[in-house]
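Coordinates as given in final36.tsv (TSV, N, CA and C atoms and all ligand atoms):
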```tsv
chain	number	residue	atom	x	y	z
U	23	MET	N	-70.04	74.53	-14.72
U	23	MET	CA	-68.60	74.48	-14.99
U	23	MET	C	-68.17	73.04	-15.20
U	24	VAL	N	-67.41	72.82	-16.25
U	24	VAL	CA	-66.91	71.47	-16.53
U	24	VAL	C	-65.39	71.48	-16.49
U	25	TYR	N	-64.84	70.44	-15.89
U	25	TYR	CA	-63.40	70.33	-15.72
U	25	TYR	C	-62.86	69.26	-16.66
U	26	VAL	N	-61.85	69.61	-17.41
U	26	VAL	CA	-61.29	68.72	-18.43
U	26	VAL	C	-59.80	68.53	-18.14
U	27	THR	N	-59.35	67.28	-18.16
U	27	THR	CA	-57.97	66.99	-17.76
U	27	THR	C	-57.21	66.28	-18.86
U	28	ARG	N	-56.01	66.75	-19.11
U	28	ARG	CA	-55.07	66.07	-20.00
U	28	ARG	C	-53.93	65.51	-19.15
U	29	ARG	N	-53.60	64.24	-19.38
U	29	ARG	CA	-52.53	63.58	-18.65
U	29	ARG	C	-51.35	63.37	-19.57
U	30	GLU	N	-50.16	63.69	-19.05
U	30	GLU	CA	-48.93	63.42	-19.79
U	30	GLU	C	-47.92	62.85	-18.80
U	31	THR	N	-46.93	62.15	-19.30
U	31	THR	CA	-45.89	61.61	-18.42
U	31	THR	C	-44.52	62.04	-18.92
U	32	PHE	N	-43.59	62.11	-18.01
U	32	PHE	CA	-42.19	62.34	-18.39
U	32	PHE	C	-41.27	61.73	-17.34
U	33	SER	N	-40.06	61.46	-17.77
U	33	SER	CA	-39.04	60.92	-16.87
U	33	SER	C	-37.94	61.96	-16.74
U	34	ALA	N	-37.51	62.19	-15.51
U	34	ALA	CA	-36.48	63.20	-15.30
U	34	ALA	C	-35.73	62.89	-14.01
U	35	SER	N	-34.53	63.45	-13.91
U	35	SER	CA	-33.80	63.31	-12.67
U	35	SER	C	-33.71	64.65	-11.97
U	36	HIS	N	-33.47	64.60	-10.69
U	36	HIS	CA	-33.30	65.83	-9.92
U	36	HIS	C	-32.51	65.54	-8.65
U	37	ARG	N	-32.11	66.61	-8.01
U	37	ARG	CA	-31.47	66.53	-6.71
U	37	ARG	C	-32.08	67.64	-5.85
U	38	LEU	N	-32.51	67.26	-4.66
U	38	LEU	CA	-33.03	68.26	-3.74
U	38	LEU	C	-31.86	68.74	-2.89
U	39	TYR	N	-31.54	70.02	-3.05
U	39	TYR	CA	-30.34	70.56	-2.42
U	39	TYR	C	-30.48	72.07	-2.37
U	40	ASN	N	-30.21	72.64	-1.21
U	40	ASN	CA	-30.22	74.11	-1.09
U	40	ASN	C	-28.78	74.57	-0.92
U	41	PRO	N	-28.24	75.25	-1.93
U	41	PRO	CA	-26.82	75.62	-1.88
U	41	PRO	C	-26.47	76.59	-0.75
U	42	GLN	N	-27.48	77.18	-0.14
U	42	GLN	CA	-27.22	78.10	0.97
U	42	GLN	C	-26.88	77.34	2.26
U	43	PHE	N	-27.13	76.03	2.26
U	43	PHE	CA	-26.89	75.23	3.47
U	43	PHE	C	-25.70	74.31	3.26
U	44	SER	N	-25.14	73.84	4.38
U	44	SER	CA	-24.04	72.87	4.34
U	44	SER	C	-24.55	71.53	3.81
U	45	ASP	N	-23.59	70.68	3.43
U	45	ASP	CA	-23.97	69.33	2.99
U	45	ASP	C	-24.71	68.59	4.10
U	46	ALA	N	-24.23	68.75	5.34
U	46	ALA	CA	-24.86	68.05	6.46
U	46	ALA	C	-26.31	68.51	6.64
U	47	LYS	N	-26.50	69.82	6.55
U	47	LYS	CA	-27.86	70.37	6.69
U	47	LYS	C	-28.77	69.88	5.55
U	48	ASN	N	-28.20	69.80	4.34
U	48	ASN	CA	-28.99	69.29	3.21
U	48	ASN	C	-29.40	67.84	3.40
U	49	VAL	N	-28.50	67.04	3.94
U	49	VAL	CA	-28.85	65.63	4.20
U	49	VAL	C	-29.92	65.56	5.29
U	50	GLU	N	-29.79	66.44	6.27
U	50	GLU	CA	-30.82	66.48	7.33
U	50	GLU	C	-32.19	66.85	6.74
U	51	LEU	N	-32.19	67.81	5.83
U	51	LEU	CA	-33.45	68.29	5.24
U	51	LEU	C	-34.02	67.32	4.22
U	52	PHE	N	-33.15	66.83	3.35
U	52	PHE	CA	-33.62	66.11	2.15
U	52	PHE	C	-33.25	64.64	2.14
U	53	ASP	N	-32.46	64.21	3.12
U	53	ASP	CA	-32.08	62.79	3.24
U	53	ASP	C	-31.48	62.29	1.92
U	54	LYS	N	-31.89	61.13	1.44
U	54	LYS	CA	-31.27	60.57	0.24
U	54	LYS	C	-31.62	61.35	-1.02
U	55	CYS	N	-32.62	62.21	-0.96
U	55	CYS	CA	-32.93	63.07	-2.11
U	55	CYS	C	-31.83	64.10	-2.36
U	56	ALA	N	-30.90	64.25	-1.39
U	56	ALA	CA	-29.77	65.16	-1.58
U	56	ALA	C	-28.54	64.45	-2.14
U	57	ASN	N	-28.66	63.17	-2.46
U	57	ASN	CA	-27.52	62.44	-3.04
U	57	ASN	C	-26.88	63.27	-4.15
U	58	PRO	N	-25.53	63.40	-4.12
U	58	PRO	CA	-24.87	64.34	-5.04
U	58	PRO	C	-25.22	64.16	-6.51
U	59	ASN	N	-25.36	62.94	-6.98
U	59	ASN	CA	-25.59	62.76	-8.42
U	59	ASN	C	-27.06	62.62	-8.80
U	60	GLY	N	-27.93	62.88	-7.87
U	60	GLY	CA	-29.36	62.91	-8.19
U	60	GLY	C	-29.98	61.52	-8.29
U	61	HIS	N	-31.25	61.52	-8.66
U	61	HIS	CA	-32.02	60.28	-8.82
U	61	HIS	C	-33.20	60.62	-9.72
U	62	GLY	N	-33.90	59.59	-10.18
U	62	GLY	CA	-34.93	59.85	-11.18
U	62	GLY	C	-36.34	59.51	-10.73
U	63	HIS	N	-37.29	60.07	-11.47
U	63	HIS	CA	-38.71	59.75	-11.25
U	63	HIS	C	-39.41	59.62	-12.59
U	64	ASN	N	-40.46	58.81	-12.60
U	64	ASN	CA	-41.40	58.81	-13.72
U	64	ASN	C	-42.59	59.66	-13.28
U	65	TYR	N	-42.62	60.88	-13.73
U	65	TYR	CA	-43.63	61.83	-13.31
U	65	TYR	C	-44.92	61.67	-14.11
U	66	VAL	N	-46.02	61.91	-13.45
U	66	VAL	CA	-47.31	61.97	-14.13
U	66	VAL	C	-47.87	63.38	-13.91
U	67	LEU	N	-48.14	64.05	-15.02
U	67	LEU	CA	-48.64	65.42	-14.98
U	67	LEU	C	-50.10	65.43	-15.42
U	68	GLU	N	-50.96	66.04	-14.64
U	68	GLU	CA	-52.35	66.21	-15.04
U	68	GLU	C	-52.68	67.70	-15.06
U	69	VAL	N	-53.06	68.17	-16.22
U	69	VAL	CA	-53.41	69.58	-16.40
U	69	VAL	C	-54.92	69.67	-16.54
U	70	THR	N	-55.56	70.38	-15.63
U	70	THR	CA	-57.02	70.49	-15.66
U	70	THR	C	-57.43	71.92	-15.99
U	71	VAL	N	-58.32	72.06	-16.97
U	71	VAL	CA	-58.88	73.36	-17.30
U	71	VAL	C	-60.38	73.34	-17.00
U	72	ALA	N	-60.93	74.52	-16.76
U	72	ALA	CA	-62.34	74.63	-16.41
U	72	ALA	C	-63.03	75.61	-17.34
U	73	GLY	N	-64.28	75.32	-17.65
U	73	GLY	CA	-65.04	76.24	-18.49
U	73	GLY	C	-66.42	75.68	-18.78
U	74	ASN	N	-67.11	76.40	-19.62
U	74	ASN	CA	-68.42	75.92	-20.06
U	74	ASN	C	-68.28	75.41	-21.49
U	75	PRO	N	-68.89	74.30	-21.80
U	75	PRO	CA	-68.80	73.78	-23.18
U	75	PRO	C	-69.32	74.80	-24.18
U	76	GLU	N	-68.57	74.95	-25.27
U	76	GLU	CA	-69.01	75.88	-26.31
U	76	GLU	C	-70.22	75.33	-27.04
U	77	GLN	N	-71.09	76.25	-27.44
U	77	GLN	CA	-72.31	75.86	-28.14
U	77	GLN	C	-72.01	75.05	-29.40
U	78	ASP	N	-71.04	75.53	-30.18
U	78	ASP	CA	-70.79	74.94	-31.49
U	78	ASP	C	-70.14	73.57	-31.43
U	79	THR	N	-69.27	73.36	-30.45
U	79	THR	CA	-68.46	72.13	-30.43
U	79	THR	C	-68.82	71.20	-29.29
U	80	GLY	N	-69.40	71.73	-28.23
U	80	GLY	CA	-69.59	70.92	-27.03
U	80	GLY	C	-68.33	70.74	-26.21
U	81	TYR	N	-67.25	71.38	-26.66
U	81	TYR	CA	-65.98	71.27	-25.95
U	81	TYR	C	-65.79	72.44	-24.99
U	82	VAL	N	-65.16	72.15	-23.83
U	82	VAL	CA	-64.59	73.22	-23.00
U	82	VAL	C	-63.31	73.73	-23.65
U	83	ILE	N	-62.52	72.77	-24.08
U	83	ILE	CA	-61.27	73.07	-24.80
U	83	ILE	C	-61.03	71.90	-25.73
U	84	ASP	N	-60.41	72.15	-26.87
U	84	ASP	CA	-60.06	71.06	-27.77
U	84	ASP	C	-58.86	70.33	-27.15
U	85	LEU	N	-59.07	69.08	-26.74
U	85	LEU	CA	-57.99	68.35	-26.04
U	85	LEU	C	-56.75	68.15	-26.91
U	86	LYS	N	-56.94	68.18	-28.21
U	86	LYS	CA	-55.78	68.09	-29.10
U	86	LYS	C	-54.90	69.33	-28.95
U	87	ASP	N	-55.54	70.49	-28.84
U	87	ASP	CA	-54.79	71.73	-28.63
U	87	ASP	C	-54.09	71.71	-27.28
U	88	LEU	N	-54.81	71.24	-26.24
U	88	LEU	CA	-54.21	71.20	-24.91
U	88	LEU	C	-53.03	70.24	-24.88
U	89	LYS	N	-53.20	69.08	-25.52
U	89	LYS	CA	-52.11	68.10	-25.60
U	89	LYS	C	-50.88	68.71	-26.26
U	90	GLU	N	-51.09	69.39	-27.38
U	90	GLU	CA	-49.96	69.96	-28.11
U	90	GLU	C	-49.27	71.06	-27.30
U	91	LEU	N	-50.07	71.86	-26.60
U	91	LEU	CA	-49.51	72.92	-25.76
U	91	LEU	C	-48.64	72.32	-24.64
U	92	VAL	N	-49.18	71.33	-23.94
U	92	VAL	CA	-48.45	70.74	-22.81
U	92	VAL	C	-47.19	70.05	-23.31
U	93	ARG	N	-47.28	69.36	-24.41
U	93	ARG	CA	-46.09	68.67	-24.94
U	93	ARG	C	-45.03	69.66	-25.39
U	94	ARG	N	-45.47	70.71	-26.09
U	94	ARG	CA	-44.52	71.68	-26.64
U	94	ARG	C	-43.85	72.51	-25.54
U	95	GLU	N	-44.65	73.00	-24.60
U	95	GLU	CA	-44.13	73.95	-23.62
U	95	GLU	C	-43.53	73.30	-22.38
U	96	ILE	N	-43.95	72.06	-22.10
U	96	ILE	CA	-43.49	71.40	-20.86
U	96	ILE	C	-42.71	70.12	-21.17
U	97	ILE	N	-43.39	69.15	-21.74
U	97	ILE	CA	-42.82	67.79	-21.82
U	97	ILE	C	-41.51	67.79	-22.60
U	98	GLN	N	-41.49	68.46	-23.73
U	98	GLN	CA	-40.25	68.48	-24.53
U	98	GLN	C	-39.08	69.09	-23.79
U	99	LYS	N	-39.40	69.95	-22.81
U	99	LYS	CA	-38.32	70.66	-22.10
U	99	LYS	C	-37.83	69.92	-20.86
U	100	VAL	N	-38.62	68.96	-20.37
U	100	VAL	CA	-38.23	68.27	-19.13
U	100	VAL	C	-38.00	66.77	-19.30
U	101	ASP	N	-38.54	66.16	-20.35
U	101	ASP	CA	-38.45	64.71	-20.47
U	101	ASP	C	-37.00	64.29	-20.73
U	102	HIS	N	-36.53	63.33	-19.94
U	102	HIS	CA	-35.15	62.83	-20.02
U	102	HIS	C	-34.13	63.94	-19.78
U	103	LYS	N	-34.47	64.88	-18.90
U	103	LYS	CA	-33.55	65.95	-18.53
U	103	LYS	C	-33.23	65.85	-17.04
U	104	HIS	N	-32.16	66.55	-16.67
U	104	HIS	CA	-31.86	66.73	-15.25
U	104	HIS	C	-32.43	68.09	-14.84
U	105	LEU	N	-33.40	68.06	-13.96
U	105	LEU	CA	-34.17	69.28	-13.68
U	105	LEU	C	-33.32	70.37	-13.01
U	106	ASN	N	-32.23	69.99	-12.37
U	106	ASN	CA	-31.37	71.00	-11.74
U	106	ASN	C	-30.49	71.72	-12.76
U	107	HIS	N	-30.24	71.07	-13.90
U	107	HIS	CA	-29.21	71.60	-14.80
U	107	HIS	C	-29.69	71.93	-16.21
U	108	ASP	N	-30.72	71.26	-16.67
U	108	ASP	CA	-31.04	71.30	-18.10
U	108	ASP	C	-32.25	72.16	-18.46
U	109	VAL	N	-32.96	72.68	-17.47
U	109	VAL	CA	-34.26	73.31	-17.75
U	109	VAL	C	-34.20	74.78	-17.37
U	110	ASP	N	-34.28	75.65	-18.38
U	110	ASP	CA	-34.05	77.07	-18.10
U	110	ASP	C	-35.05	77.63	-17.09
U	111	PHE	N	-36.32	77.23	-17.18
U	111	PHE	CA	-37.31	77.83	-16.28
U	111	PHE	C	-37.25	77.28	-14.86
U	112	LEU	N	-36.36	76.32	-14.60
U	112	LEU	CA	-36.18	75.83	-13.23
U	112	LEU	C	-34.82	76.25	-12.64
U	113	GLU	N	-34.13	77.11	-13.38
U	113	GLU	CA	-32.82	77.55	-12.90
U	113	GLU	C	-32.96	78.26	-11.55
U	114	GLY	N	-32.14	77.85	-10.59
U	114	GLY	CA	-32.16	78.48	-9.28
U	114	GLY	C	-33.31	78.05	-8.39
U	115	VAL	N	-34.07	77.06	-8.83
U	115	VAL	CA	-35.23	76.58	-8.08
U	115	VAL	C	-34.91	75.18	-7.53
U	116	ILE	N	-35.22	74.91	-6.27
U	116	ILE	CA	-35.10	73.55	-5.75
U	116	ILE	C	-36.21	72.73	-6.40
U	117	PRO	N	-35.86	71.71	-7.17
U	117	PRO	CA	-36.89	71.05	-8.00
U	117	PRO	C	-37.75	70.03	-7.24
U	118	THR	N	-38.41	70.51	-6.21
U	118	THR	CA	-39.46	69.71	-5.57
U	118	THR	C	-40.68	69.69	-6.48
U	119	SER	N	-41.58	68.74	-6.24
U	119	SER	CA	-42.81	68.71	-7.02
U	119	SER	C	-43.60	70.01	-6.86
U	120	GLU	N	-43.56	70.57	-5.67
U	120	GLU	CA	-44.27	71.83	-5.43
U	120	GLU	C	-43.76	72.93	-6.37
U	121	ASN	N	-42.45	73.08	-6.43
U	121	ASN	CA	-41.89	74.14	-7.26
U	121	ASN	C	-42.03	73.86	-8.74
U	122	ILE	N	-41.95	72.59	-9.10
U	122	ILE	CA	-42.11	72.23	-10.52
U	122	ILE	C	-43.55	72.52	-10.96
U	123	ALA	N	-44.51	72.13	-10.13
U	123	ALA	CA	-45.92	72.35	-10.48
U	123	ALA	C	-46.20	73.84	-10.65
U	124	ARG	N	-45.64	74.66	-9.77
U	124	ARG	CA	-45.86	76.10	-9.87
U	124	ARG	C	-45.22	76.68	-11.13
U	125	ALA	N	-44.04	76.17	-11.46
U	125	ALA	CA	-43.38	76.64	-12.68
U	125	ALA	C	-44.19	76.26	-13.92
U	126	PHE	N	-44.75	75.06	-13.93
U	126	PHE	CA	-45.59	74.64	-15.06
U	126	PHE	C	-46.81	75.55	-15.17
U	127	TRP	N	-47.41	75.87	-14.06
U	127	TRP	CA	-48.58	76.77	-14.06
U	127	TRP	C	-48.23	78.10	-14.73
U	128	GLU	N	-47.11	78.67	-14.34
U	128	GLU	CA	-46.73	79.99	-14.85
U	128	GLU	C	-46.55	79.95	-16.37
U	129	ILE	N	-46.11	78.82	-16.89
U	129	ILE	CA	-45.91	78.69	-18.33
U	129	ILE	C	-47.25	78.48	-19.05
U	130	LEU	N	-48.09	77.61	-18.50
U	130	LEU	CA	-49.31	77.23	-19.22
U	130	LEU	C	-50.41	78.27	-19.10
U	131	GLN	N	-50.52	78.87	-17.94
U	131	GLN	CA	-51.69	79.72	-17.65
U	131	GLN	C	-51.92	80.80	-18.73
U	132	PRO	N	-50.89	81.52	-19.16
U	132	PRO	CA	-51.16	82.55	-20.18
U	132	PRO	C	-51.49	81.99	-21.55
U	133	ASN	N	-51.25	80.69	-21.74
U	133	ASN	CA	-51.41	80.09	-23.07
U	133	ASN	C	-52.71	79.32	-23.26
U	134	ILE	N	-53.56	79.29	-22.24
U	134	ILE	CA	-54.82	78.56	-22.35
U	134	ILE	C	-55.89	79.54	-22.86
U	135	ARG	N	-56.51	79.18	-23.99
U	135	ARG	CA	-57.51	80.08	-24.58
U	135	ARG	C	-58.91	79.47	-24.45
U	136	GLY	N	-59.85	80.31	-24.16
U	136	GLY	CA	-61.24	79.86	-24.20
U	136	GLY	C	-61.71	79.18	-22.93
U	137	ALA	N	-60.77	78.72	-22.10
U	137	ALA	CA	-61.08	78.11	-20.81
U	137	ALA	C	-60.04	78.67	-19.84
U	138	ARG	N	-60.17	78.32	-18.57
U	138	ARG	CA	-59.12	78.79	-17.66
U	138	ARG	C	-58.43	77.61	-17.02
U	139	LEU	N	-57.14	77.79	-16.78
U	139	LEU	CA	-56.38	76.74	-16.11
U	139	LEU	C	-56.89	76.62	-14.68
U	140	PHE	N	-57.22	75.40	-14.28
U	140	PHE	CA	-57.76	75.17	-12.94
U	140	PHE	C	-56.73	74.57	-12.01
U	141	SER	N	-56.00	73.55	-12.47
U	141	SER	CA	-54.99	72.95	-11.59
U	141	SER	C	-53.90	72.24	-12.37
U	142	ILE	N	-52.76	72.18	-11.71
U	142	ILE	CA	-51.64	71.37	-12.16
U	142	ILE	C	-51.41	70.33	-11.09
U	143	ARG	N	-51.57	69.07	-11.45
U	143	ARG	CA	-51.32	67.98	-10.50
U	143	ARG	C	-50.09	67.23	-10.99
U	144	LEU	N	-49.13	67.08	-10.09
U	144	LEU	CA	-47.89	66.41	-10.46
U	144	LEU	C	-47.64	65.26	-9.50
U	145	ARG	N	-47.59	64.06	-10.06
U	145	ARG	CA	-47.34	62.86	-9.26
U	145	ARG	C	-45.90	62.44	-9.45
U	146	GLU	N	-45.19	62.35	-8.33
U	146	GLU	CA	-43.77	62.00	-8.39
U	146	GLU	C	-43.56	60.50	-8.15
U	147	THR	N	-44.38	59.94	-7.28
U	147	THR	CA	-44.33	58.49	-7.00
U	147	THR	C	-45.77	58.00	-6.88
U	148	GLU	N	-45.91	56.70	-6.71
U	148	GLU	CA	-47.25	56.13	-6.48
U	148	GLU	C	-47.96	56.83	-5.33
U	149	ASN	N	-47.19	57.19	-4.33
U	149	ASN	CA	-47.80	57.67	-3.09
U	149	ASN	C	-47.77	59.18	-2.91
U	150	ASN	N	-46.97	59.88	-3.72
U	150	ASN	CA	-46.79	61.31	-3.48
U	150	ASN	C	-47.20	62.13	-4.70
U	151	ALA	N	-48.08	63.09	-4.47
U	151	ALA	CA	-48.49	64.00	-5.53
U	151	ALA	C	-48.73	65.38	-4.93
U	152	VAL	N	-48.59	66.41	-5.76
U	152	VAL	CA	-48.93	67.76	-5.34
U	152	VAL	C	-49.93	68.34	-6.35
U	153	GLU	N	-50.66	69.35	-5.91
U	153	GLU	CA	-51.59	70.02	-6.80
U	153	GLU	C	-51.48	71.52	-6.56
U	154	TYR	N	-51.39	72.26	-7.65
U	154	TYR	CA	-51.29	73.72	-7.56
U	154	TYR	C	-52.46	74.33	-8.33
U	155	ARG	N	-53.12	75.30	-7.69
U	155	ARG	CA	-54.28	75.93	-8.32
U	155	ARG	C	-54.09	77.42	-8.53
U	156	GLY	N	-52.86	77.85	-8.43
U	156	GLY	CA	-52.55	79.23	-8.81
U	156	GLY	C	-52.74	80.26	-7.72
U	157	GLU	N	-53.31	79.86	-6.59
U	157	GLU	CA	-53.47	80.85	-5.54
U	157	GLU	C	-52.14	81.02	-4.81
U	158	LYS	N	-51.76	82.26	-4.70
U	158	LYS	CA	-50.59	82.55	-3.87
U	158	LYS	C	-51.08	82.77	-2.45
U	159	SER	N	-50.40	82.11	-1.50
U	159	SER	CA	-50.84	82.28	-0.11
U	159	SER	C	-50.05	83.40	0.55
T	1	NI	NI	-36.90	62.82	-5.93
```

Translate this file's structure into C-alpha cells.
Ligand code: NI
Amino acid sequence: MVYVTRRETFSASHRLYNPQFSDAKNVELFDKCANPNGHGHNYVLEVTVAGNPEQDTGYVIDLKDLKELVRREIIQKVDHKHLNHDVDFLEGVIPTSENIARAFWEILQPNIRGARLFSIRLRETENNAVEYRGEKS
C-alpha cells in the first residue's frame, strides 16, 4: 500500500460558539475563540489517499486530478470565507478543525476514484492539527 498526499492551503475566519449556551458559557468553553466578530487562520490541508500503484502509470492516483478535486470541492468554497456564515456544508456546525476535517472527508470520499481516501489532516496553527480517517467512534 502506498500513501500519496496533496497539500493545499486556505485562509478563513471563524468563531467558535455554541448558540445553545449563554455568552458566558461560550467564553468559558472557547475563550477568545468566541470573540463575537471571529478571527482568522491560515489553514494547511493535507489529503492522503492510499492504494497500489497502477501497472500502466505507476501512480496510485494522478496528483493533478486530486489537486483539481480538492481545489474545486473544498478550497474554492472556503478560501477567504467566514466559515460560520459563508459555507453551505458547514451550516449549523461549530467550525472547529475537527468538524471541518470531517466535513471535508464527507465531500471528498465519494469523489476519489481508483484509490481510497485515507486521511484528512488539517493544520490550524503551527502547533495545532487534527487528522480524520473516517472512522466513526
Ligand atoms: Ni480559531

Box in all listed atoms of stretch 89-106 of chain U, axis-aligned, with 4 Å more on each side; write out centre and edge lengths in Å to one decimal as AutoDock Vina command-line options.
```
--center_x -41.8 --center_y 68.4 --center_z -19.9 --size_x 30.7 --size_y 19.1 --size_z 24.4
```

Set the cut-off to 6.5 Å, count only N, CA and C atoms and all ligand atoms, and list whatever residues fall near ligand NI 1 (chain T) as a ChimeraX atom specification. /U:36-38,55,61-63

Selection file, N, CA and C atoms, as a PDB file, in the frame of the given file:
```pdb
ATOM      1  N   HIS U  36     -33.470  64.600 -10.690  1.00  0.00           N
ATOM      2  CA  HIS U  36     -33.300  65.830  -9.920  1.00  0.00           C
ATOM      3  C   HIS U  36     -32.510  65.540  -8.650  1.00  0.00           C
ATOM      4  N   ARG U  37     -32.110  66.610  -8.010  1.00  0.00           N
ATOM      5  CA  ARG U  37     -31.470  66.530  -6.710  1.00  0.00           C
ATOM      6  C   ARG U  37     -32.080  67.640  -5.850  1.00  0.00           C
ATOM      7  N   LEU U  38     -32.510  67.260  -4.660  1.00  0.00           N
ATOM      8  CA  LEU U  38     -33.030  68.260  -3.740  1.00  0.00           C
ATOM      9  C   LEU U  38     -31.860  68.740  -2.890  1.00  0.00           C
ATOM     10  N   CYS U  55     -32.620  62.210  -0.960  1.00  0.00           N
ATOM     11  CA  CYS U  55     -32.930  63.070  -2.110  1.00  0.00           C
ATOM     12  C   CYS U  55     -31.830  64.100  -2.360  1.00  0.00           C
ATOM     13  N   HIS U  61     -31.250  61.520  -8.660  1.00  0.00           N
ATOM     14  CA  HIS U  61     -32.020  60.280  -8.820  1.00  0.00           C
ATOM     15  C   HIS U  61     -33.200  60.620  -9.720  1.00  0.00           C
ATOM     16  N   GLY U  62     -33.900  59.590 -10.180  1.00  0.00           N
ATOM     17  CA  GLY U  62     -34.930  59.850 -11.180  1.00  0.00           C
ATOM     18  C   GLY U  62     -36.340  59.510 -10.730  1.00  0.00           C
ATOM     19  N   HIS U  63     -37.290  60.070 -11.470  1.00  0.00           N
ATOM     20  CA  HIS U  63     -38.710  59.750 -11.250  1.00  0.00           C
ATOM     21  C   HIS U  63     -39.410  59.620 -12.590  1.00  0.00           C
TER      22      HIS U  63
END
```

Of U:Leu91, U:Leu105, U:Val26, U:Ile142, the one nearest to U:Trp127 when counting only C-alpha atoms is U:Ile142

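Proximity to U:Asn40 at 8 Å, evaluated using all atoms listed in the file and with sequence-adjacent residues fewer than 2 positions away removed, yields Arg37, Leu38, Gln42, Phe43, Ser44, Asp45, Lys47, Asn48, Val49, Phe52, Ala56 and Ile116 of chain U.
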
Interatomic distance between atom CA of U:Ser35 and atom C of U:Tyr65? 11.3 Å

Mind listing the alpha helix (DSSP H) residues of stretch 59-109 of chain U, per DSSP on the backbone, as a list in words? Leu85, Lys86, Asp87, Leu88, Lys89, Glu90, Leu91, Val92, Gln98, Lys99 and Val100 of chain U

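Here atom C of U:His104 is placed at a distance of 24.1 Å from atom CA of U:Arg155.
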
Output as a compact mmCIF listing (two decimals), in the frame of the given file: stretch 33-38 of chain U, completed with all heavy atoms.
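Final output, saved to out-v4.txt:
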```txt
# COMPACT_ATOMS: atom_id res chain seq x y z
N SER U 33 -40.06 61.46 -17.77
CA SER U 33 -39.04 60.92 -16.87
C SER U 33 -37.94 61.96 -16.74
O SER U 33 -37.50 62.53 -17.74
CB SER U 33 -38.45 59.63 -17.43
OG SER U 33 -39.48 58.67 -17.59
N ALA U 34 -37.51 62.19 -15.51
CA ALA U 34 -36.48 63.20 -15.30
C ALA U 34 -35.73 62.89 -14.01
O ALA U 34 -36.23 62.18 -13.14
CB ALA U 34 -37.11 64.60 -15.22
N SER U 35 -34.53 63.45 -13.91
CA SER U 35 -33.80 63.31 -12.67
C SER U 35 -33.71 64.65 -11.97
O SER U 35 -33.89 65.71 -12.58
CB SER U 35 -32.41 62.71 -12.93
OG SER U 35 -31.76 63.41 -13.95
N HIS U 36 -33.47 64.60 -10.69
CA HIS U 36 -33.30 65.83 -9.92
C HIS U 36 -32.51 65.54 -8.65
O HIS U 36 -32.26 64.39 -8.30
CB HIS U 36 -34.66 66.50 -9.60
CG HIS U 36 -35.48 65.81 -8.56
ND1 HIS U 36 -36.58 66.38 -7.97
CD2 HIS U 36 -35.37 64.57 -8.00
CE1 HIS U 36 -37.10 65.53 -7.10
NE2 HIS U 36 -36.41 64.44 -7.09
N ARG U 37 -32.11 66.61 -8.01
CA ARG U 37 -31.47 66.53 -6.71
C ARG U 37 -32.08 67.64 -5.85
O ARG U 37 -32.15 68.80 -6.29
CB ARG U 37 -29.97 66.78 -6.86
CG ARG U 37 -29.25 66.70 -5.53
CD ARG U 37 -27.84 67.24 -5.63
NE ARG U 37 -27.10 66.99 -4.40
CZ ARG U 37 -25.99 67.61 -4.06
NH1 ARG U 37 -25.46 68.53 -4.86
NH2 ARG U 37 -25.39 67.34 -2.91
N LEU U 38 -32.51 67.26 -4.66
CA LEU U 38 -33.03 68.26 -3.74
C LEU U 38 -31.86 68.74 -2.89
O LEU U 38 -31.25 67.96 -2.14
CB LEU U 38 -34.15 67.69 -2.87
CG LEU U 38 -35.35 67.15 -3.66
CD1 LEU U 38 -36.47 66.74 -2.72
CD2 LEU U 38 -35.85 68.17 -4.68
```
